[in-house]
Amino acid sequence: MTGMSGAARQVLSSDGARVAVHDLGGGGPPVLLCHATGFHGLVWRPLARYLTDRFRCWALDFRGHGDSVLPPGFDPTTDPLSWEAFGDDVLAVVDDLGLEHAFGLGHSKGGAALFLAELARPGTFRALYAYEPIVMPVAPPPVALDEHPLAAGALRRREVWESRRAAYDNYASKPPLDSLAPDALEAYVEHGFAELTDGTVRLKCRGAVEAAVYRMGGAHRTFDRLGELDCPVTIAAGARDERPGPGPGPDLARLQAGAIPGARVEIFDHLGHFGPLEDPAAVARSAARFFTAAASA
């Protein structure tokens with residue numbers, strides 16, 4: 001594992017954030033791929049391989065993730081990281097690349113960011129495919145970092161490893177990342193760590209940043225505006241894991257789709273929340289069928 005991925009295009013987003021954009025190749029209508037919290041754009045490489053025969057694929061690193069940069073002076077331990085800013089990142093990439101009526105494929109936070117971008121600028125996307133987007137029907141106020149279980153877990157996460165291989169072997173041996181397809185996990189580790197001067201490697205998405213993202217995940221009111229989406233939408237979800245409560249899964253997917261005129265639902269019985277990284281081929285085939293049908297409608 002070398003960690004070399006080539007130079008990414010840098011795009012200026014809101015508040016001075018700089019967003020990295022990756023060209024994943026292909027030909028045809030453009031598809032913008034938007035990753036989940038804690039990941040980065042190049043985790044989409046395994047899935048994009050199943051799309052590039054029909055689509056031109058681009059992926060971004062959201063601010064604070066991968067090779068993207070937070071706004072100058074931003075302190076994730078004290079400053080709120082608004083999810084609307086992730087929608088800004090999407091629009092900045094669309095504008096910089098000159099994408100017209102692109103398709104959007106998002107996972108978790110990435111799906112929410114696509115919705116936020118389309119709501120901010122209707123008509124940006126021809127169709128949206130969101131796998132378990134974090135768009136909740138109730139938007140509670142932000143909670144303290146130590147009171148949010150995902151945020152607290154992010155702050156405890158080990159950031160520095162002796163090598164990428166050591167990190168990969170650890171992640172592959174236990175939940176939650178052991179469910180990822182080997183090439184998706186390898187892509188995450190290859191691009192998700194920076195080399196330090198002592199030869200060790202450190203996560204590019206620092207624990208404090210990930211925690212700040214989780215803390216604000218329930219604060220955006222996107223669910224209340226889902227009825228304004230006026231492009232074809234598919235909400236996909238995995239049914240493999242037992243997930244009691246109001247979190248991501250088939251029940252939430254059906255609730256979200258019910259709020260969007262004409263939206264469809266696709267459930268993958270063999271997948272969990274990391275579905276696009278667990279079975280990239282299955283999710284890619286589903287998205288490709290949907291995009292093709294939307295283009296011909």
# chains A, B, ... in the order shown; residues from 1 in each chain; ligands from 1
>>> residues_around(residues="Ala288 of chain A", least_positions_apart="4", cutoff="9 Å", atoms="only C-alpha atoms", output="PyMOL selection string")
chain A and resi 50-51+54-55+283-284+292-293
>>> write_last_selection(atoms="N, CA and C atoms", output="PDB file, in the first residue's frame")
ATOM      1  N   TYR A  50     -18.029  -0.119 -12.356  1.00  0.00           N
ATOM      2  CA  TYR A  50     -19.230  -0.712 -12.951  1.00  0.00           C
ATOM      3  C   TYR A  50     -20.114   0.330 -13.627  1.00  0.00           C
ATOM      4  N   LEU A  51     -19.694   1.604 -13.593  1.00  0.00           N
ATOM      5  CA  LEU A  51     -20.468   2.680 -14.200  1.00  0.00           C
ATOM      6  C   LEU A  51     -19.780   3.317 -15.395  1.00  0.00           C
ATOM      7  N   ARG A  54     -20.777   3.563 -19.155  1.00  0.00           N
ATOM      8  CA  ARG A  54     -21.926   4.353 -19.588  1.00  0.00           C
ATOM      9  C   ARG A  54     -21.941   5.775 -19.053  1.00  0.00           C
ATOM     10  N   PHE A  55     -21.139   6.054 -18.018  1.00  0.00           N
ATOM     11  CA  PHE A  55     -21.189   7.352 -17.350  1.00  0.00           C
ATOM     12  C   PHE A  55     -19.776   7.871 -17.085  1.00  0.00           C
ATOM     13  N   VAL A 283     -24.890  -2.282  -6.011  1.00  0.00           N
ATOM     14  CA  VAL A 283     -25.400  -0.922  -5.893  1.00  0.00           C
ATOM     15  C   VAL A 283     -25.189  -0.164  -7.202  1.00  0.00           C
ATOM     16  N   ALA A 284     -24.059  -0.385  -7.861  1.00  0.00           N
ATOM     17  CA  ALA A 284     -23.811   0.279  -9.141  1.00  0.00           C
ATOM     18  C   ALA A 284     -24.833  -0.139 -10.190  1.00  0.00           C
ATOM     19  N   THR A 292     -30.459   5.353 -16.109  1.00  0.00           N
ATOM     20  CA  THR A 292     -30.808   5.133 -17.510  1.00  0.00           C
ATOM     21  C   THR A 292     -32.289   5.333 -17.743  1.00  0.00           C
ATOM     22  N   ALA A 293     -33.109   4.821 -16.827  1.00  0.00           N
ATOM     23  CA  ALA A 293     -34.564   4.999 -16.960  1.00  0.00           C
ATOM     24  C   ALA A 293     -34.936   6.459 -16.800  1.00  0.00           C
TER      25      ALA A 293
END
>>> select_by_dssp(residues="segment 121-264 of chain A", states="strand (DSSP E or B)", output="PyMOL selection string")
chain A and resi 125-131+160-161+193-195+201-203+233-238+264
>>> closest_residue(among="A:Pro133, A:Gly25, A:Gly16, A:Gly192", to="Gly66 of chain A", atoms="only C-alpha atoms")
A:Gly192
>>> atom_distance(atom1="atom CA of Pro71 of chain A", atom2="atom CA of Arg221 of chain A")
23.0 Å
>>> select_by_dssp(residues="segment 27-162 of chain A", states="alpha helix (DSSP H)", output="ChimeraX atom specification")
/A:45-48,84-97,109-120,149-156
>>> residues_around(residues="Lys109 of chain A", least_positions_apart="4", cutoff="7 Å", atoms="only C-alpha atoms", output="number ranges by chain")
A: 35-37, 113, 133-134
>>> residues_around(residues="Cys205 of chain A", least_positions_apart="4", cutoff="12 Å", atoms="only C-alpha atoms", output="number ranges by chain")
A: 36-40, 61-70, 76, 154-155, 157-160, 188-189, 191-194, 209-213
>>> closest_residue(among="A:Ala117, A:Ala219, A:Met136, A:Ala166", to="Gly249 of chain A", atoms="only C-alpha atoms")
A:Met136
>>> closest_residue(among="A:Pro137, A:Pro122, A:Pro276, A:Pro182", to="Ala257 of chain A", atoms="only C-alpha atoms")
A:Pro137
>>> closest_residue(among="A:His220, A:Leu180, A:Arg156, A:Ala167", to="Asp279 of chain A", atoms="only C-alpha atoms")
A:Leu180
>>> atom_distance(atom1="atom CA of His101 of chain A", atom2="atom CA of Thr124 of chain A")
5.5 Å
>>> atom_distance(atom1="atom CA of Arg165 of chain A", atom2="atom CA of Leu203 of chain A")
13.3 Å
>>> closest_residue(among="A:Ile260, A:Leu99, A:Ala17, A:Cys57", to="Phe125 of chain A", atoms="only C-alpha atoms")
A:Leu99
>>> residues_around(residues="Ala8 of chain A", least_positions_apart="5", cutoff="9 Å", atoms="only C-alpha atoms", output="PyMOL selection string")
chain A and resi 20-23+67
>>> residues_around(residues="Asp183 of chain A", least_positions_apart="3", cutoff="7 Å", atoms="only C-alpha atoms", output="ChimeraX atom specification")
/A:46,186-187
>>> write_last_selection(atoms="N, CA and C atoms", output="PDB file, in the first residue's frame")
ATOM      1  N   PRO A  46     -14.094   1.303  -6.572  1.00  0.00           N
ATOM      2  CA  PRO A  46     -14.600  -0.024  -6.934  1.00  0.00           C
ATOM      3  C   PRO A  46     -16.003   0.024  -7.548  1.00  0.00           C
ATOM      4  N   GLU A 186      -9.423  -1.265   0.905  1.00  0.00           N
ATOM      5  CA  GLU A 186      -8.081  -0.860   0.490  1.00  0.00           C
ATOM      6  C   GLU A 186      -8.080   0.576  -0.028  1.00  0.00           C
ATOM      7  N   ALA A 187      -9.103   0.950  -0.790  1.00  0.00           N
ATOM      8  CA  ALA A 187      -9.191   2.320  -1.283  1.00  0.00           C
ATOM      9  C   ALA A 187      -9.320   3.305  -0.118  1.00  0.00           C
TER      10      ALA A 187
END
>>> residues_around(residues="Asp178 of chain A", least_positions_apart="4", cutoff="12 Å", atoms="only C-alpha atoms", output="list in words")
Ala167, Tyr168, Asp169, Asn170, Tyr171, Ala172, Ser173, Lys174, Pro182, Asp183, Ala184, Leu185, Glu186, Gly272, Phe274, Leu277 and Glu278 of chain A
>>> closest_residue(among="A:Leu114, A:Leu252, A:Leu60, A:Ile267", to="Ala237 of chain A", atoms="only C-alpha atoms")
A:Ile267
